[in-house]
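Shown next: run20.pdb, containing PDB, N, CA and C atoms.
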```pdb
ATOM      1  N   ALA A   1      97.838  91.500 131.061
ATOM      2  CA  ALA A   1      96.671  91.556 130.197
ATOM      3  C   ALA A   1      96.779  92.722 129.225
ATOM      4  N   CYS A   2      97.355  93.810 129.712
ATOM      5  CA  CYS A   2      97.490  94.996 128.857
ATOM      6  C   CYS A   2      98.456  94.727 127.698
ATOM      7  N   LEU A   3      99.537  94.023 127.994
ATOM      8  CA  LEU A   3     100.507  93.689 126.951
ATOM      9  C   LEU A   3      99.880  92.764 125.903
ATOM     10  N   PHE A   4      99.103  91.789 126.362
ATOM     11  CA  PHE A   4      98.418  90.892 125.436
ATOM     12  C   PHE A   4      97.465  91.679 124.532
ATOM     13  N   PHE A   5      96.713  92.596 125.113
ATOM     14  CA  PHE A   5      95.768  93.401 124.342
ATOM     15  C   PHE A   5      96.501  94.258 123.322
ATOM     16  N   LEU A   6      97.615  94.865 123.713
ATOM     17  CA  LEU A   6      98.406  95.680 122.802
ATOM     18  C   LEU A   6      98.939  94.838 121.642
ATOM     19  N   CYS A   7      99.450  93.655 121.949
ATOM     20  CA  CYS A   7      99.947  92.759 120.895
ATOM     21  C   CYS A   7      98.824  92.358 119.946
ATOM     22  N   PHE A   8      97.656  92.080 120.498
ATOM     23  CA  PHE A   8      96.520  91.701 119.670
ATOM     24  C   PHE A   8      96.118  92.846 118.738
ATOM     25  N   ILE A   9      96.060  94.065 119.252
ATOM     26  CA  ILE A   9      95.707  95.230 118.431
ATOM     27  C   ILE A   9      96.734  95.428 117.326
ATOM     28  N   LEU A  10      98.011  95.321 117.648
ATOM     29  CA  LEU A  10      99.051  95.465 116.624
ATOM     30  C   LEU A  10      98.965  94.369 115.575
ATOM     31  N   PHE A  11      98.634  93.164 116.008
ATOM     32  CA  PHE A  11      98.462  92.041 115.088
ATOM     33  C   PHE A  11      97.308  92.322 114.113
ATOM     34  N   VAL A  12      96.188  92.761 114.640
ATOM     35  CA  VAL A  12      95.021  93.059 113.792
ATOM     36  C   VAL A  12      95.345  94.205 112.838
ATOM     37  N   LEU A  13      95.959  95.250 113.329
ATOM     38  CA  LEU A  13      96.310  96.380 112.467
ATOM     39  C   LEU A  13      97.279  95.970 111.357
ATOM     40  N   SER A  14      98.225  95.103 111.671
ATOM     41  CA  SER A  14      99.169  94.677 110.634
ATOM     42  C   SER A  14      98.455  93.872 109.549
ATOM     43  N   TYR A  15      97.499  93.025 109.941
ATOM     44  CA  TYR A  15      96.776  92.268 108.920
ATOM     45  C   TYR A  15      95.836  93.147 108.110
ATOM     46  N   VAL A  16      95.278  94.172 108.714
ATOM     47  CA  VAL A  16      94.464  95.125 107.951
ATOM     48  C   VAL A  16      95.330  95.791 106.892
ATOM     49  N   GLN A  17      96.540  96.205 107.286
ATOM     50  CA  GLN A  17      97.451  96.828 106.330
ATOM     51  C   GLN A  17      97.857  95.844 105.227
ATOM     52  N   ILE A  18      98.124  94.596 105.592
ATOM     53  CA  ILE A  18      98.491  93.590 104.594
ATOM     54  C   ILE A  18      97.358  93.390 103.590
ATOM     55  N   PHE A  19      96.130  93.273 104.087
ATOM     56  CA  PHE A  19      94.989  93.078 103.183
ATOM     57  C   PHE A  19      94.774  94.294 102.291
ATOM     58  N   ARG A  20      95.022  95.487 102.799
ATOM     59  CA  ARG A  20      94.893  96.685 101.959
ATOM     60  C   ARG A  20      95.903  96.645 100.812
ATOM     61  N   VAL A  21      97.120  96.235 101.112
ATOM     62  CA  VAL A  21      98.155  96.156 100.075
ATOM     63  C   VAL A  21      97.818  95.052  99.070
ATOM     64  N   VAL A  22      97.357  93.919  99.556
ATOM     65  CA  VAL A  22      97.023  92.802  98.665
ATOM     66  C   VAL A  22      95.893  93.187  97.719
ATOM     67  N   LEU A  23      94.931  93.952  98.201
ATOM     68  CA  LEU A  23      93.818  94.366  97.342
ATOM     69  C   LEU A  23      94.262  95.290  96.216
ATOM     70  N   ARG A  24      95.429  95.904  96.363
ATOM     71  CA  ARG A  24      95.957  96.776  95.303
ATOM     72  C   ARG A  24      96.740  96.010  94.239
ATOM     73  N   ILE A  25      96.958  94.724  94.426
ATOM     74  CA  ILE A  25      97.677  93.929  93.424
ATOM     75  C   ILE A  25      96.807  93.866  92.162
ATOM     76  N   PRO A  26      97.367  94.225  91.007
ATOM     77  CA  PRO A  26      96.541  94.325  89.799
ATOM     78  C   PRO A  26      96.034  92.982  89.251
ATOM     79  N   SER A  27      96.821  91.944  89.340
ATOM     80  CA  SER A  27      96.387  90.679  88.747
ATOM     81  C   SER A  27      95.554  89.870  89.730
ATOM     82  N   GLU A  28      94.533  89.215  89.190
ATOM     83  CA  GLU A  28      93.662  88.397  90.036
ATOM     84  C   GLU A  28      94.423  87.202  90.605
ATOM     85  N   ARG A  29      95.284  86.619  89.779
ATOM     86  CA  ARG A  29      96.067  85.468  90.245
ATOM     87  C   ARG A  29      97.016  85.863  91.371
ATOM     88  N   GLY A  30      97.620  87.032  91.258
ATOM     89  CA  GLY A  30      98.514  87.518  92.309
ATOM     90  C   GLY A  30      97.770  87.769  93.608
ATOM     91  N   ARG A  31      96.577  88.355  93.516
ATOM     92  CA  ARG A  31      95.754  88.573  94.714
ATOM     93  C   ARG A  31      95.364  87.253  95.345
ATOM     94  N   TYR A  32      95.020  86.266  94.508
ATOM     95  CA  TYR A  32      94.625  84.956  95.018
ATOM     96  C   TYR A  32      95.774  84.301  95.786
ATOM     97  N   LYS A  33      96.978  84.337  95.200
ATOM     98  CA  LYS A  33      98.139  83.728  95.857
ATOM     99  C   LYS A  33      98.459  84.448  97.168
ATOM    100  N   ALA A  34      98.392  85.771  97.144
ATOM    101  CA  ALA A  34      98.697  86.535  98.352
ATOM    102  C   ALA A  34      97.664  86.271  99.449
ATOM    103  N   PHE A  35      96.384  86.246  99.067
ATOM    104  CA  PHE A  35      95.343  85.982 100.058
ATOM    105  C   PHE A  35      95.445  84.567 100.613
ATOM    106  N   SER A  36      95.751  83.603  99.764
ATOM    107  CA  SER A  36      95.842  82.230 100.266
ATOM    108  C   SER A  36      96.988  82.093 101.258
ATOM    109  N   THR A  37      98.092  82.773 101.000
ATOM    110  CA  THR A  37      99.220  82.745 101.931
ATOM    111  C   THR A  37      98.865  83.453 103.233
ATOM    112  N   CYS A  38      98.260  84.633 103.133
ATOM    113  CA  CYS A  38      97.902  85.400 104.339
ATOM    114  C   CYS A  38      96.875  84.657 105.181
ATOM    115  N   LEU A  39      95.872  84.080 104.545
ATOM    116  CA  LEU A  39      94.834  83.392 105.296
ATOM    117  C   LEU A  39      95.375  82.133 105.965
ATOM    118  N   LEU A  40      96.298  81.447 105.305
ATOM    119  CA  LEU A  40      96.923  80.274 105.914
ATOM    120  C   LEU A  40      97.720  80.678 107.150
ATOM    121  N   GLN A  41      98.501  81.740 107.025
ATOM    122  CA  GLN A  41      99.272  82.217 108.170
ATOM    123  C   GLN A  41      98.351  82.667 109.294
ATOM    124  N   LEU A  42      97.274  83.344 108.959
ATOM    125  CA  LEU A  42      96.327  83.806 109.962
ATOM    126  C   LEU A  42      95.680  82.629 110.694
ATOM    127  N   ALA A  43      95.351  81.576 109.961
ATOM    128  CA  ALA A  43      94.754  80.386 110.581
ATOM    129  C   ALA A  43      95.747  79.705 111.517
ATOM    130  N   VAL A  44      96.990  79.601 111.095
ATOM    131  CA  VAL A  44      98.019  78.949 111.914
ATOM    132  C   VAL A  44      98.272  79.746 113.192
ATOM    133  N   VAL A  45      98.412  81.048 113.071
ATOM    134  CA  VAL A  45      98.649  81.886 114.246
ATOM    135  C   VAL A  45      97.435  81.859 115.172
ATOM    136  N   SER A  46      96.235  81.858 114.609
ATOM    137  CA  SER A  46      95.020  81.799 115.432
ATOM    138  C   SER A  46      94.954  80.498 116.219
ATOM    139  N   LEU A  47      95.289  79.394 115.581
ATOM    140  CA  LEU A  47      95.305  78.111 116.284
ATOM    141  C   LEU A  47      96.335  78.120 117.411
ATOM    142  N   PHE A  48      97.509  78.643 117.129
ATOM    143  CA  PHE A  48      98.578  78.704 118.117
ATOM    144  C   PHE A  48      98.169  79.570 119.311
ATOM    145  N   VAL A  49      97.642  80.752 119.033
ATOM    146  CA  VAL A  49      97.261  81.683 120.096
ATOM    147  C   VAL A  49      96.068  81.155 120.887
ATOM    148  N   SER A  50      95.100  80.560 120.204
ATOM    149  CA  SER A  50      93.915  80.079 120.925
ATOM    150  C   SER A  50      94.249  78.909 121.855
ATOM    151  N   THR A  51      95.121  78.000 121.431
ATOM    152  CA  THR A  51      95.491  76.899 122.323
ATOM    153  C   THR A  51      96.326  77.408 123.495
ATOM    154  N   ALA A  52      97.217  78.347 123.230
ATOM    155  CA  ALA A  52      98.029  78.910 124.316
ATOM    156  C   ALA A  52      97.148  79.665 125.303
ATOM    157  N   THR A  53      96.224  80.447 124.792
ATOM    158  CA  THR A  53      95.340  81.220 125.660
ATOM    159  C   THR A  53      94.464  80.314 126.504
ATOM    160  N   SER A  54      93.875  79.316 125.890
ATOM    161  CA  SER A  54      92.996  78.426 126.651
ATOM    162  C   SER A  54      93.785  77.591 127.663
ATOM    163  N   ALA A  55      95.022  77.265 127.359
ATOM    164  CA  ALA A  55      95.830  76.480 128.295
ATOM    165  C   ALA A  55      96.286  77.310 129.496
ATOM    166  N   TYR A  56      96.656  78.552 129.248
ATOM    167  CA  TYR A  56      97.223  79.364 130.316
ATOM    168  C   TYR A  56      96.201  80.205 131.072
ATOM    169  N   LEU A  57      95.065  80.505 130.475
ATOM    170  CA  LEU A  57      94.070  81.327 131.148
ATOM    171  C   LEU A  57      92.920  80.514 131.733
ATOM    172  N   LYS A  58      93.010  79.211 131.648
ATOM    173  CA  LYS A  58      91.977  78.336 132.200
ATOM    174  C   LYS A  58      92.039  78.398 133.717
ATOM    175  N   PRO A  59      90.897  78.589 134.372
ATOM    176  CA  PRO A  59      90.908  78.621 135.841
ATOM    177  C   PRO A  59      91.440  77.297 136.408
ATOM    178  N   SER A  60      92.221  77.399 137.470
ATOM    179  CA  SER A  60      92.813  76.190 138.053
ATOM    180  C   SER A  60      91.762  75.298 138.707
ATOM    181  N   SER A  61      90.596  75.871 139.022
ATOM    182  CA  SER A  61      89.535  75.054 139.627
ATOM    183  C   SER A  61      88.916  74.091 138.607
ATOM    184  N   ILE A  62      89.079  74.415 137.323
ATOM    185  CA  ILE A  62      88.573  73.529 136.273
ATOM    186  C   ILE A  62      89.746  72.686 135.787
ATOM    187  N   SER A  63      89.788  71.451 136.187
ATOM    188  CA  SER A  63      90.907  70.600 135.803
ATOM    189  C   SER A  63      90.393  69.259 135.294
ATOM    190  N   PHE A  64      90.507  69.088 134.003
ATOM    191  CA  PHE A  64      90.180  67.821 133.369
ATOM    192  C   PHE A  64      91.459  67.299 132.733
ATOM    193  N   PRO A  65      92.021  66.213 133.232
ATOM    194  CA  PRO A  65      93.293  65.712 132.689
ATOM    195  C   PRO A  65      93.247  65.465 131.181
ATOM    196  N   SER A  66      92.126  64.962 130.687
ATOM    197  CA  SER A  66      92.054  64.694 129.253
ATOM    198  C   SER A  66      92.053  65.999 128.454
ATOM    199  N   LEU A  67      91.374  67.032 128.953
ATOM    200  CA  LEU A  67      91.378  68.330 128.279
ATOM    201  C   LEU A  67      92.772  68.941 128.325
ATOM    202  N   ASP A  68      93.436  68.824 129.469
ATOM    203  CA  ASP A  68      94.806  69.335 129.580
ATOM    204  C   ASP A  68      95.738  68.646 128.592
ATOM    205  N   LEU A  69      95.570  67.356 128.416
ATOM    206  CA  LEU A  69      96.398  66.612 127.467
ATOM    207  C   LEU A  69      96.127  67.067 126.036
ATOM    208  N   VAL A  70      94.863  67.230 125.681
ATOM    209  CA  VAL A  70      94.504  67.689 124.325
ATOM    210  C   VAL A  70      95.078  69.075 124.068
ATOM    211  N   LEU A  71      94.945  69.983 125.025
ATOM    212  CA  LEU A  71      95.491  71.333 124.857
ATOM    213  C   LEU A  71      97.013  71.304 124.725
ATOM    214  N   ALA A  72      97.669  70.467 125.505
ATOM    215  CA  ALA A  72      99.126  70.371 125.422
ATOM    216  C   ALA A  72      99.572  69.855 124.055
ATOM    217  N   VAL A  73      98.872  68.853 123.550
ATOM    218  CA  VAL A  73      99.223  68.309 122.229
ATOM    219  C   VAL A  73      98.958  69.340 121.137
ATOM    220  N   LEU A  74      97.796  69.990 121.187
ATOM    221  CA  LEU A  74      97.492  71.021 120.181
ATOM    222  C   LEU A  74      98.501  72.152 120.236
ATOM    223  N   PHE A  75      98.852  72.588 121.439
ATOM    224  CA  PHE A  75      99.813  73.681 121.569
ATOM    225  C   PHE A  75     101.177  73.286 121.024
ATOM    226  N   SER A  76     101.630  72.093 121.343
ATOM    227  CA  SER A  76     102.954  71.679 120.878
ATOM    228  C   SER A  76     102.976  71.394 119.383
ATOM    229  N   CYS A  77     101.847  70.959 118.824
ATOM    230  CA  CYS A  77     101.798  70.673 117.388
ATOM    231  C   CYS A  77     101.454  71.904 116.557
ATOM    232  N   SER A  78     101.031  72.975 117.209
ATOM    233  CA  SER A  78     100.592  74.135 116.451
ATOM    234  C   SER A  78     101.648  75.227 116.388
ATOM    235  N   GLU A  79     102.886  74.859 116.501
ATOM    236  CA  GLU A  79     103.954  75.838 116.361
ATOM    237  C   GLU A  79     103.829  76.431 114.954
ATOM    238  N   PRO A  80     103.671  77.761 114.839
ATOM    239  CA  PRO A  80     103.309  78.380 113.557
ATOM    240  C   PRO A  80     104.205  78.040 112.376
ATOM    241  N   THR A  81     105.506  78.095 112.542
ATOM    242  CA  THR A  81     106.401  77.831 111.413
ATOM    243  C   THR A  81     106.252  76.402 110.923
ATOM    244  N   HIS A  82     106.175  75.461 111.839
ATOM    245  CA  HIS A  82     106.029  74.057 111.468
ATOM    246  C   HIS A  82     104.725  73.819 110.715
ATOM    247  N   LEU A  83     103.622  74.319 111.240
ATOM    248  CA  LEU A  83     102.336  74.118 110.569
ATOM    249  C   LEU A  83     102.301  74.778 109.195
ATOM    250  N   TYR A  84     102.893  75.951 109.087
ATOM    251  CA  TYR A  84     102.908  76.640 107.802
ATOM    252  C   TYR A  84     103.674  75.828 106.766
ATOM    253  N   HIS A  85     104.828  75.292 107.155
ATOM    254  CA  HIS A  85     105.609  74.486 106.212
ATOM    255  C   HIS A  85     104.892  73.188 105.850
ATOM    256  N   VAL A  86     104.235  72.571 106.816
ATOM    257  CA  VAL A  86     103.488  71.352 106.522
ATOM    258  C   VAL A  86     102.338  71.660 105.571
ATOM    259  N   ALA A  87     101.618  72.733 105.836
ATOM    260  CA  ALA A  87     100.469  73.089 105.022
ATOM    261  C   ALA A  87     100.862  73.462 103.592
ATOM    262  N   THR A  88     102.015  74.088 103.423
ATOM    263  CA  THR A  88     102.442  74.487 102.088
ATOM    264  C   THR A  88     103.248  73.407 101.381
ATOM    265  N   GLY A  89     103.521  72.322 102.077
ATOM    266  CA  GLY A  89     104.245  71.227 101.459
ATOM    267  C   GLY A  89     105.747  71.429 101.420
ATOM    268  N   ALA A  90     106.253  72.425 102.148
ATOM    269  CA  ALA A  90     107.680  72.698 102.140
ATOM    270  C   ALA A  90     108.454  71.668 102.945
ATOM    271  N   LEU A  91     107.829  71.051 103.929
ATOM    272  CA  LEU A  91     108.490  69.993 104.710
ATOM    273  C   LEU A  91     108.163  68.646 104.113
ATOM    274  N   ARG A  92     109.135  67.875 103.826
ATOM    275  CA  ARG A  92     108.884  66.538 103.260
ATOM    276  C   ARG A  92     109.748  65.542 103.961
TER     277      ARG A  92
END
```

What does this structure look like when you write it as structure tokens?
Amino acid sequence: ACLFFLCFILFVLSYVQIFRVVLRIPSERGRYKAFSTCLLQLAVVSLFVSTATSAYLKPSSISFPSLDLVLAVLFSCSEPTHLYHVATGALR
């Protein structure tokens, strides 16, 4: 749990630093492009982490086969690199 918390804090701090740098970009169009990329990556990573967390930290006494199947599909489909490429249109 401590390692997870440390990783989460480092993740948040890195995005704070990224947003600080993006806000210093002089052109509005450049800031827009940078923010759209950062927010897309943040959404993809959040989906990946939330499905993994809910799948692995779910109490074993709570077992719904349909929920387990949905979590497994979301987790396997939410691989960050794949979703990012699909969302940006890089995969065709």

Checklist entry - Hey, can you check how far CA of Ser27 (chain A) sits from CA of Val45 (chain A)? => result 27.1 Å

Checklist entry - Any idea what the distance is between CA of Thr53 (chain A) and CA of Leu69 (chain A)? => result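 CA of Leu69 (chain A) lies at a distance of 14.8 Å from CA of Thr53 (chain A).
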
Checklist entry - Between atom C of Ala34 (chain A) and atom C of Arg20 (chain A), what is the distance, to one decimal in Å? => result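 So the answer is 10.6 Å.
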
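For the residues A:Val21, A:Pro59, A:Thr51, A:Leu13, ranking by smallest atom-to-atom distance to Ala72 (chain A) using only N, CA and C atoms places A:Thr51 first.
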
Next on the checklist: Using only N, CA and C atoms for the distances, tell me which of A:Leu67, A:Ile62, A:Ser76, A:Tyr32 is nearest to Phe48 (chain A).
Outcome noted: A:Ser76

Selected region 23-67 of chain A, written as a PDB file, in the first residue's frame, N, CA and C atoms:
```
ATOM      1  N   LEU A  23       1.425  25.936 -18.916  1.00  0.00           N
ATOM      2  CA  LEU A  23       0.868  27.278 -18.725  1.00  0.00           C
ATOM      3  C   LEU A  23       1.843  28.377 -19.125  1.00  0.00           C
ATOM      4  N   ARG A  24       3.126  28.048 -19.202  1.00  0.00           N
ATOM      5  CA  ARG A  24       4.130  29.034 -19.628  1.00  0.00           C
ATOM      6  C   ARG A  24       4.282  29.108 -21.147  1.00  0.00           C
ATOM      7  N   ILE A  25       3.620  28.241 -21.885  1.00  0.00           N
ATOM      8  CA  ILE A  25       3.701  28.284 -23.350  1.00  0.00           C
ATOM      9  C   ILE A  25       3.042  29.586 -23.820  1.00  0.00           C
ATOM     10  N   PRO A  26       3.746  30.378 -24.628  1.00  0.00           N
ATOM     11  CA  PRO A  26       3.222  31.700 -24.987  1.00  0.00           C
ATOM     12  C   PRO A  26       1.995  31.680 -25.911  1.00  0.00           C
ATOM     13  N   SER A  27       1.932  30.755 -26.830  1.00  0.00           N
ATOM     14  CA  SER A  27       0.812  30.773 -27.772  1.00  0.00           C
ATOM     15  C   SER A  27      -0.383  30.011 -27.218  1.00  0.00           C
ATOM     16  N   GLU A  28      -1.565  30.550 -27.493  1.00  0.00           N
ATOM     17  CA  GLU A  28      -2.789  29.903 -27.018  1.00  0.00           C
ATOM     18  C   GLU A  28      -2.991  28.553 -27.700  1.00  0.00           C
ATOM     19  N   ARG A  29      -2.671  28.502 -28.989  1.00  0.00           N
ATOM     20  CA  ARG A  29      -2.823  27.241 -29.723  1.00  0.00           C
ATOM     21  C   ARG A  29      -1.886  26.168 -29.183  1.00  0.00           C
ATOM     22  N   GLY A  30      -0.669  26.556 -28.842  1.00  0.00           N
ATOM     23  CA  GLY A  30       0.287  25.608 -28.272  1.00  0.00           C
ATOM     24  C   GLY A  30      -0.173  25.088 -26.923  1.00  0.00           C
ATOM     25  N   ARG A  31      -0.712  25.975 -26.086  1.00  0.00           N
ATOM     26  CA  ARG A  31      -1.249  25.550 -24.786  1.00  0.00           C
ATOM     27  C   ARG A  31      -2.417  24.604 -24.972  1.00  0.00           C
ATOM     28  N   TYR A  32      -3.281  24.902 -25.952  1.00  0.00           N
ATOM     29  CA  TYR A  32      -4.442  24.054 -26.209  1.00  0.00           C
ATOM     30  C   TYR A  32      -4.008  22.646 -26.620  1.00  0.00           C
ATOM     31  N   LYS A  33      -3.038  22.567 -27.540  1.00  0.00           N
ATOM     32  CA  LYS A  33      -2.561  21.259 -28.002  1.00  0.00           C
ATOM     33  C   LYS A  33      -1.904  20.487 -26.857  1.00  0.00           C
ATOM     34  N   ALA A  34      -1.109  21.183 -26.057  1.00  0.00           N
ATOM     35  CA  ALA A  34      -0.433  20.515 -24.947  1.00  0.00           C
ATOM     36  C   ALA A  34      -1.437  20.023 -23.902  1.00  0.00           C
ATOM     37  N   PHE A  35      -2.421  20.867 -23.580  1.00  0.00           N
ATOM     38  CA  PHE A  35      -3.427  20.459 -22.603  1.00  0.00           C
ATOM     39  C   PHE A  35      -4.275  19.304 -23.121  1.00  0.00           C
ATOM     40  N   SER A  36      -4.625  19.332 -24.395  1.00  0.00           N
ATOM     41  CA  SER A  36      -5.451  18.244 -24.919  1.00  0.00           C
ATOM     42  C   SER A  36      -4.698  16.922 -24.873  1.00  0.00           C
ATOM     43  N   THR A  37      -3.405  16.957 -25.148  1.00  0.00           N
ATOM     44  CA  THR A  37      -2.592  15.743 -25.070  1.00  0.00           C
ATOM     45  C   THR A  37      -2.462  15.271 -23.627  1.00  0.00           C
ATOM     46  N   CYS A  38      -2.169  16.194 -22.715  1.00  0.00           N
ATOM     47  CA  CYS A  38      -1.999  15.825 -21.298  1.00  0.00           C
ATOM     48  C   CYS A  38      -3.295  15.287 -20.709  1.00  0.00           C
ATOM     49  N   LEU A  39      -4.410  15.928 -21.010  1.00  0.00           N
ATOM     50  CA  LEU A  39      -5.676  15.490 -20.443  1.00  0.00           C
ATOM     51  C   LEU A  39      -6.091  14.131 -20.996  1.00  0.00           C
ATOM     52  N   LEU A  40      -5.796  13.879 -22.264  1.00  0.00           N
ATOM     53  CA  LEU A  40      -6.089  12.570 -22.845  1.00  0.00           C
ATOM     54  C   LEU A  40      -5.266  11.486 -22.157  1.00  0.00           C
ATOM     55  N   GLN A  41      -3.983  11.753 -21.969  1.00  0.00           N
ATOM     56  CA  GLN A  41      -3.130  10.784 -21.285  1.00  0.00           C
ATOM     57  C   GLN A  41      -3.592  10.572 -19.852  1.00  0.00           C
ATOM     58  N   LEU A  42      -3.974  11.634 -19.176  1.00  0.00           N
ATOM     59  CA  LEU A  42      -4.443  11.530 -17.803  1.00  0.00           C
ATOM     60  C   LEU A  42      -5.721  10.693 -17.719  1.00  0.00           C
ATOM     61  N   ALA A  43      -6.619  10.874 -18.675  1.00  0.00           N
ATOM     62  CA  ALA A  43      -7.862  10.092 -18.697  1.00  0.00           C
ATOM     63  C   ALA A  43      -7.572   8.614 -18.939  1.00  0.00           C
ATOM     64  N   VAL A  44      -6.667   8.326 -19.852  1.00  0.00           N
ATOM     65  CA  VAL A  44      -6.326   6.935 -20.171  1.00  0.00           C
ATOM     66  C   VAL A  44      -5.671   6.254 -18.972  1.00  0.00           C
ATOM     67  N   VAL A  45      -4.726   6.920 -18.344  1.00  0.00           N
ATOM     68  CA  VAL A  45      -4.053   6.344 -17.180  1.00  0.00           C
ATOM     69  C   VAL A  45      -5.038   6.178 -16.025  1.00  0.00           C
ATOM     70  N   SER A  46      -5.938   7.133 -15.846  1.00  0.00           N
ATOM     71  CA  SER A  46      -6.940   7.028 -14.777  1.00  0.00           C
ATOM     72  C   SER A  46      -7.853   5.831 -14.997  1.00  0.00           C
ATOM     73  N   LEU A  47      -8.277   5.619 -16.227  1.00  0.00           N
ATOM     74  CA  LEU A  47      -9.113   4.457 -16.531  1.00  0.00           C
ATOM     75  C   LEU A  47      -8.360   3.158 -16.256  1.00  0.00           C
ATOM     76  N   PHE A  48      -7.113   3.102 -16.673  1.00  0.00           N
ATOM     77  CA  PHE A  48      -6.292   1.915 -16.476  1.00  0.00           C
ATOM     78  C   PHE A  48      -6.097   1.627 -14.985  1.00  0.00           C
ATOM     79  N   VAL A  49      -5.736   2.648 -14.226  1.00  0.00           N
ATOM     80  CA  VAL A  49      -5.473   2.477 -12.797  1.00  0.00           C
ATOM     81  C   VAL A  49      -6.758   2.156 -12.037  1.00  0.00           C
ATOM     82  N   SER A  50      -7.855   2.808 -12.395  1.00  0.00           N
ATOM     83  CA  SER A  50      -9.100   2.560 -11.659  1.00  0.00           C
ATOM     84  C   SER A  50      -9.627   1.141 -11.891  1.00  0.00           C
ATOM     85  N   THR A  51      -9.523   0.626 -13.112  1.00  0.00           N
ATOM     86  CA  THR A  51      -9.978  -0.747 -13.345  1.00  0.00           C
ATOM     87  C   THR A  51      -9.055  -1.748 -12.655  1.00  0.00           C
ATOM     88  N   ALA A  52      -7.761  -1.487 -12.684  1.00  0.00           N
ATOM     89  CA  ALA A  52      -6.819  -2.386 -12.006  1.00  0.00           C
ATOM     90  C   ALA A  52      -7.051  -2.365 -10.500  1.00  0.00           C
ATOM     91  N   THR A  53      -7.240  -1.187  -9.949  1.00  0.00           N
ATOM     92  CA  THR A  53      -7.458  -1.066  -8.510  1.00  0.00           C
ATOM     93  C   THR A  53      -8.742  -1.752  -8.086  1.00  0.00           C
ATOM     94  N   SER A  54      -9.810  -1.518  -8.812  1.00  0.00           N
ATOM     95  CA  SER A  54     -11.082  -2.134  -8.432  1.00  0.00           C
ATOM     96  C   SER A  54     -11.050  -3.652  -8.622  1.00  0.00           C
ATOM     97  N   ALA A  55     -10.297  -4.135  -9.585  1.00  0.00           N
ATOM     98  CA  ALA A  55     -10.214  -5.581  -9.805  1.00  0.00           C
ATOM     99  C   ALA A  55      -9.379  -6.277  -8.730  1.00  0.00           C
ATOM    100  N   TYR A  56      -8.292  -5.648  -8.328  1.00  0.00           N
ATOM    101  CA  TYR A  56      -7.378  -6.304  -7.402  1.00  0.00           C
ATOM    102  C   TYR A  56      -7.654  -6.004  -5.933  1.00  0.00           C
ATOM    103  N   LEU A  57      -8.311  -4.904  -5.626  1.00  0.00           N
ATOM    104  CA  LEU A  57      -8.576  -4.563  -4.237  1.00  0.00           C
ATOM    105  C   LEU A  57     -10.000  -4.887  -3.802  1.00  0.00           C
ATOM    106  N   LYS A  58     -10.762  -5.502  -4.671  1.00  0.00           N
ATOM    107  CA  LYS A  58     -12.136  -5.884  -4.350  1.00  0.00           C
ATOM    108  C   LYS A  58     -12.107  -7.018  -3.339  1.00  0.00           C
ATOM    109  N   PRO A  59     -12.886  -6.908  -2.268  1.00  0.00           N
ATOM    110  CA  PRO A  59     -12.914  -7.999  -1.283  1.00  0.00           C
ATOM    111  C   PRO A  59     -13.374  -9.309  -1.938  1.00  0.00           C
ATOM    112  N   SER A  60     -12.750 -10.402  -1.537  1.00  0.00           N
ATOM    113  CA  SER A  60     -13.091 -11.694  -2.140  1.00  0.00           C
ATOM    114  C   SER A  60     -14.493 -12.153  -1.753  1.00  0.00           C
ATOM    115  N   SER A  61     -15.034 -11.590  -0.668  1.00  0.00           N
ATOM    116  CA  SER A  61     -16.395 -11.972  -0.263  1.00  0.00           C
ATOM    117  C   SER A  61     -17.446 -11.403  -1.224  1.00  0.00           C
ATOM    118  N   ILE A  62     -17.065 -10.354  -1.955  1.00  0.00           N
ATOM    119  CA  ILE A  62     -17.980  -9.775  -2.940  1.00  0.00           C
ATOM    120  C   ILE A  62     -17.600 -10.346  -4.301  1.00  0.00           C
ATOM    121  N   SER A  63     -18.372 -11.269  -4.789  1.00  0.00           N
ATOM    122  CA  SER A  63     -18.043 -11.896  -6.062  1.00  0.00           C
ATOM    123  C   SER A  63     -19.276 -11.942  -6.956  1.00  0.00           C
ATOM    124  N   PHE A  64     -19.247 -11.109  -7.963  1.00  0.00           N
ATOM    125  CA  PHE A  64     -20.285 -11.108  -8.983  1.00  0.00           C
ATOM    126  C   PHE A  64     -19.612 -11.456 -10.302  1.00  0.00           C
ATOM    127  N   PRO A  65     -19.894 -12.612 -10.874  1.00  0.00           N
ATOM    128  CA  PRO A  65     -19.217 -13.017 -12.116  1.00  0.00           C
ATOM    129  C   PRO A  65     -19.353 -11.986 -13.238  1.00  0.00           C
ATOM    130  N   SER A  66     -20.516 -11.363 -13.346  1.00  0.00           N
ATOM    131  CA  SER A  66     -20.687 -10.387 -14.419  1.00  0.00           C
ATOM    132  C   SER A  66     -19.823  -9.149 -14.173  1.00  0.00           C
ATOM    133  N   LEU A  67     -19.703  -8.715 -12.917  1.00  0.00           N
ATOM    134  CA  LEU A  67     -18.844  -7.576 -12.595  1.00  0.00           C
ATOM    135  C   LEU A  67     -17.385  -7.932 -12.844  1.00  0.00           C
TER     136      LEU A  67
END
```
